[in-house]
$ cat model_30.pdb   # PDB, C-alpha atoms, pLDDT in the B column
ATOM      1  CA  MET A 623     111.032 152.804 149.983  1.00 56.00           C
ATOM      2  CA  ALA A 624     113.170 151.053 147.337  1.00 63.00           C
ATOM      3  CA  THR A 625     112.503 147.482 146.309  1.00 65.00           C
ATOM      4  CA  GLN A 626     115.457 145.159 146.542  1.00 67.00           C
ATOM      5  CA  LEU A 627     115.705 141.887 144.657  1.00 63.00           C
ATOM      6  CA  SER A 628     117.108 138.800 146.231  1.00 68.00           C
ATOM      7  CA  PRO A 629     120.598 137.894 145.060  1.00 68.00           C
ATOM      8  CA  GLY A 630     120.341 136.049 141.702  1.00 68.00           C
ATOM      9  CA  ALA A 631     116.730 137.164 141.092  1.00 69.00           C
ATOM     10  CA  GLU A 632     116.294 138.657 137.656  1.00 72.00           C
ATOM     11  CA  THR A 633     113.968 138.479 134.670  1.00 73.00           C
ATOM     12  CA  ILE A 634     114.973 135.945 132.051  1.00 70.00           C
ATOM     13  CA  VAL A 635     113.834 136.638 128.496  1.00 72.00           C
ATOM     14  CA  ASP A 636     113.142 133.605 126.283  1.00 68.00           C
ATOM     15  CA  GLU A 637     114.641 134.545 122.906  1.00 72.00           C
ATOM     16  CA  ARG A 638     114.092 131.274 121.051  1.00 69.00           C
ATOM     17  CA  THR A 639     112.578 131.570 117.588  1.00 61.00           C
ATOM     18  CA  ARG A 640     109.924 129.385 116.005  1.00 56.00           C
ATOM     19  CA  PRO A 641     109.470 128.831 112.278  1.00 52.00           C
ATOM     20  CA  VAL A 642     106.508 130.688 110.834  1.00 52.00           C
ATOM     21  CA  THR A 643     103.969 128.377 109.224  1.00 47.00           C
ATOM     22  CA  ASP A 644     100.584 128.859 107.633  1.00 52.00           C
ATOM     23  CA  ASP A 645      97.423 127.720 109.385  1.00 49.00           C
ATOM     24  CA  GLY A 646      97.030 123.971 109.003  1.00 50.00           C
ATOM     25  CA  ASP A 647     100.650 123.311 108.027  1.00 48.00           C
ATOM     26  CA  HIS A 648     100.880 120.715 110.785  1.00 45.00           C
ATOM     27  CA  GLU A 649      98.391 118.610 108.798  1.00 58.00           C
ATOM     28  CA  ARG A 650     100.191 118.905 105.470  1.00 79.00           C
ATOM     29  CA  PHE A 651     102.315 116.310 103.747  1.00 88.00           C
ATOM     30  CA  SER A 652     104.283 116.020 100.528  1.00 89.00           C
ATOM     31  CA  HIS A 653     102.588 113.548  98.213  1.00 89.00           C
ATOM     32  CA  TYR A 654     103.657 111.409  95.266  1.00 88.00           C
ATOM     33  CA  VAL A 655     102.102 112.137  91.845  1.00 87.00           C
ATOM     34  CA  PRO A 656     103.139 111.372  88.246  1.00 83.00           C
ATOM     35  CA  LYS A 657     105.928 113.792  87.226  1.00 80.00           C
ATOM     36  CA  GLY A 658     104.194 114.995  84.046  1.00 83.00           C
ATOM     37  CA  LYS A 659     100.976 115.715  85.877  1.00 86.00           C
ATOM     38  CA  LEU A 660     102.807 117.597  88.633  1.00 84.00           C
ATOM     39  CA  THR A 661     104.589 119.841  86.129  1.00 84.00           C
ATOM     40  CA  GLU A 662     101.334 120.584  84.303  1.00 86.00           C
ATOM     41  CA  ALA A 663      99.511 121.265  87.582  1.00 88.00           C
ATOM     42  CA  MET A 664     102.210 123.689  88.754  1.00 85.00           C
ATOM     43  CA  VAL A 665     102.062 125.609  85.457  1.00 87.00           C
ATOM     44  CA  MET A 666      98.326 125.468  84.760  1.00 88.00           C
ATOM     45  CA  GLY A 667      96.974 125.369  88.332  1.00 88.00           C
ATOM     46  CA  THR A 668      95.042 122.154  87.722  1.00 90.00           C
ATOM     47  CA  PRO A 669      94.385 119.571  90.458  1.00 91.00           C
ATOM     48  CA  VAL A 670      96.379 116.337  90.704  1.00 90.00           C
ATOM     49  CA  THR A 671      95.660 113.042  92.435  1.00 91.00           C
ATOM     50  CA  ALA A 672      98.329 111.542  94.708  1.00 89.00           C
ATOM     51  CA  LEU A 673      98.979 107.839  95.170  1.00 89.00           C
ATOM     52  CA  CYS A 674      97.014 107.995  98.419  1.00 90.00           C
ATOM     53  CA  GLY A 675      93.984 109.454  96.624  1.00 90.00           C
ATOM     54  CA  LYS A 676      94.321 113.054  97.840  1.00 89.00           C
ATOM     55  CA  VAL A 677      93.309 115.605  95.190  1.00 89.00           C
ATOM     56  CA  TRP A 678      94.767 119.130  95.379  1.00 86.00           C
ATOM     57  CA  VAL A 679      96.359 121.929  93.382  1.00 88.00           C
ATOM     58  CA  PRO A 680     100.129 121.980  94.115  1.00 86.00           C
ATOM     59  CA  SER A 681     101.327 125.385  95.285  1.00 82.00           C
ATOM     60  CA  ARG A 682     103.904 124.910  98.054  1.00 80.00           C
ATOM     61  CA  ASP A 683     107.481 123.716  98.328  1.00 81.00           C
ATOM     62  CA  PRO A 684     107.217 119.958  98.997  1.00 83.00           C
ATOM     63  CA  GLN A 685     110.542 119.964 100.843  1.00 84.00           C
ATOM     64  CA  LYS A 686     108.928 121.905 103.710  1.00 85.00           C
ATOM     65  CA  TYR A 687     106.661 118.979 104.631  1.00 88.00           C
ATOM     66  CA  PRO A 688     107.083 115.334 105.598  1.00 90.00           C
ATOM     67  CA  VAL A 689     106.174 112.658 103.054  1.00 91.00           C
ATOM     68  CA  CYS A 690     102.640 111.282 103.294  1.00 90.00           C
ATOM     69  CA  PRO A 691     102.988 107.859 104.978  1.00 91.00           C
ATOM     70  CA  THR A 692     100.354 106.290 102.698  1.00 91.00           C
ATOM     71  CA  CYS A 693     101.994 107.630  99.526  1.00 90.00           C
ATOM     72  CA  LYS A 694     105.390 106.442 100.734  1.00 91.00           C
ATOM     73  CA  GLU A 695     104.102 102.945 101.489  1.00 92.00           C
ATOM     74  CA  LEU A 696     102.391 102.666  98.098  1.00 90.00           C
ATOM     75  CA  TRP A 697     105.429 104.138  96.294  1.00 88.00           C
ATOM     76  CA  GLU A 698     107.747 101.558  97.850  1.00 89.00           C
ATOM     77  CA  LYS A 699     105.512  98.756  96.534  1.00 89.00           C
ATOM     78  CA  LEU A 700     105.599 100.029  92.929  1.00 83.00           C
ATOM     79  CA  PRO A 701     107.987  98.376  90.459  1.00 83.00           C
ATOM     80  CA  LYS A 702     111.046 100.431  89.482  1.00 75.00           C
ATOM     81  CA  GLY A 703     110.253 102.768  86.577  1.00 67.00           C
ATOM     82  CA  LYS A 704     106.600 103.187  87.620  1.00 62.00           C
ATOM     83  CA  LYS A 705     107.296 105.444  90.588  1.00 58.00           C
ATOM     84  CA  PRO A 706     105.892 108.990  90.330  1.00 58.00           C
ATOM     85  CA  LYS A 707     107.744 112.098  91.455  1.00 57.00           C
ATOM     86  CA  LYS A 708     107.236 113.482  94.952  1.00 55.00           C
ATOM     87  CA  GLY A 709     104.962 116.536  94.868  1.00 54.00           C
ATOM     88  CA  ASP A 710     103.704 118.966  97.467  1.00 45.00           C
ATOM     89  CA  GLU A 711     100.597 119.286  99.542  1.00 44.00           C
TER      90      GLU A 711
END
$ encode --input "model_30.pdb" --output "structure tokens"
Amino acid sequence: MATQLSPGAETIVDERTRPVTDDGDHERFSHYVPKGKLTEAMVMGTPVTALCGKVWVPSRDPQKYPVCPTCKELWEKLPKGKKPKKGDE
């Protein structure tokens, strides 16, 4: 006995793609740190301290993450010329 499908009944395949992210990426932000310290940290692998107080060793592209809200708020309050460069998480 053959199985017949109702008219219009068919399997629909969801072919949407999702960006691949590392574990914990949803908790990551780009942070603001002094430009000289960021450059040194990227080359030497030394930790830096962001405006918000977070300490980490920069290793990822900061453009892949949203800006840390605390860093952004503190950065906007700094006088012009005292603002550090945006770094990564």
$ atom_distance --input "model_30.pdb" --atom1 "atom CA of Arg650 of chain A" --atom2 "atom CA of Lys676 of chain A"
11.3 Å
$ atom_distance --input "model_30.pdb" --atom1 "atom CA of Tyr654 of chain A" --atom2 "atom CA of Thr671 of chain A"
8.6 Å
$ resolve_selection --input "model_30.pdb" --expression "the PyMOL selection byres ((chain A and resi 678) around 12)" --output "count of residues only"
27
$ atom_distance --input "model_30.pdb" --atom1 "atom CA of Lys702 of chain A" --atom2 "atom CA of Pro684 of chain A"
22.1 Å
$ axis_aligned_box --input "model_30.pdb" --around "segment 677-681 of chain A" --padding-each-side "8 Å" --output "lines of an AutoDock Vina configuration file"
center_x = 97.3
center_y = 120.5
center_z = 94.4
size_x = 24.0
size_y = 25.8
size_z = 18.0
$ resolve_selection --input "model_30.pdb" --expression "the PyMOL selection byres ((chain A and resi 696) around 12)" --output "list in words"
His653, Tyr654, Val655, Ala672, Leu673, Cys674, Gly675, Val689, Cys690, Pro691, Thr692, Cys693, Lys694, Glu695, Trp697, Glu698, Lys699, Leu700, Pro701, Lys704, Lys705 and Pro706 of chain A
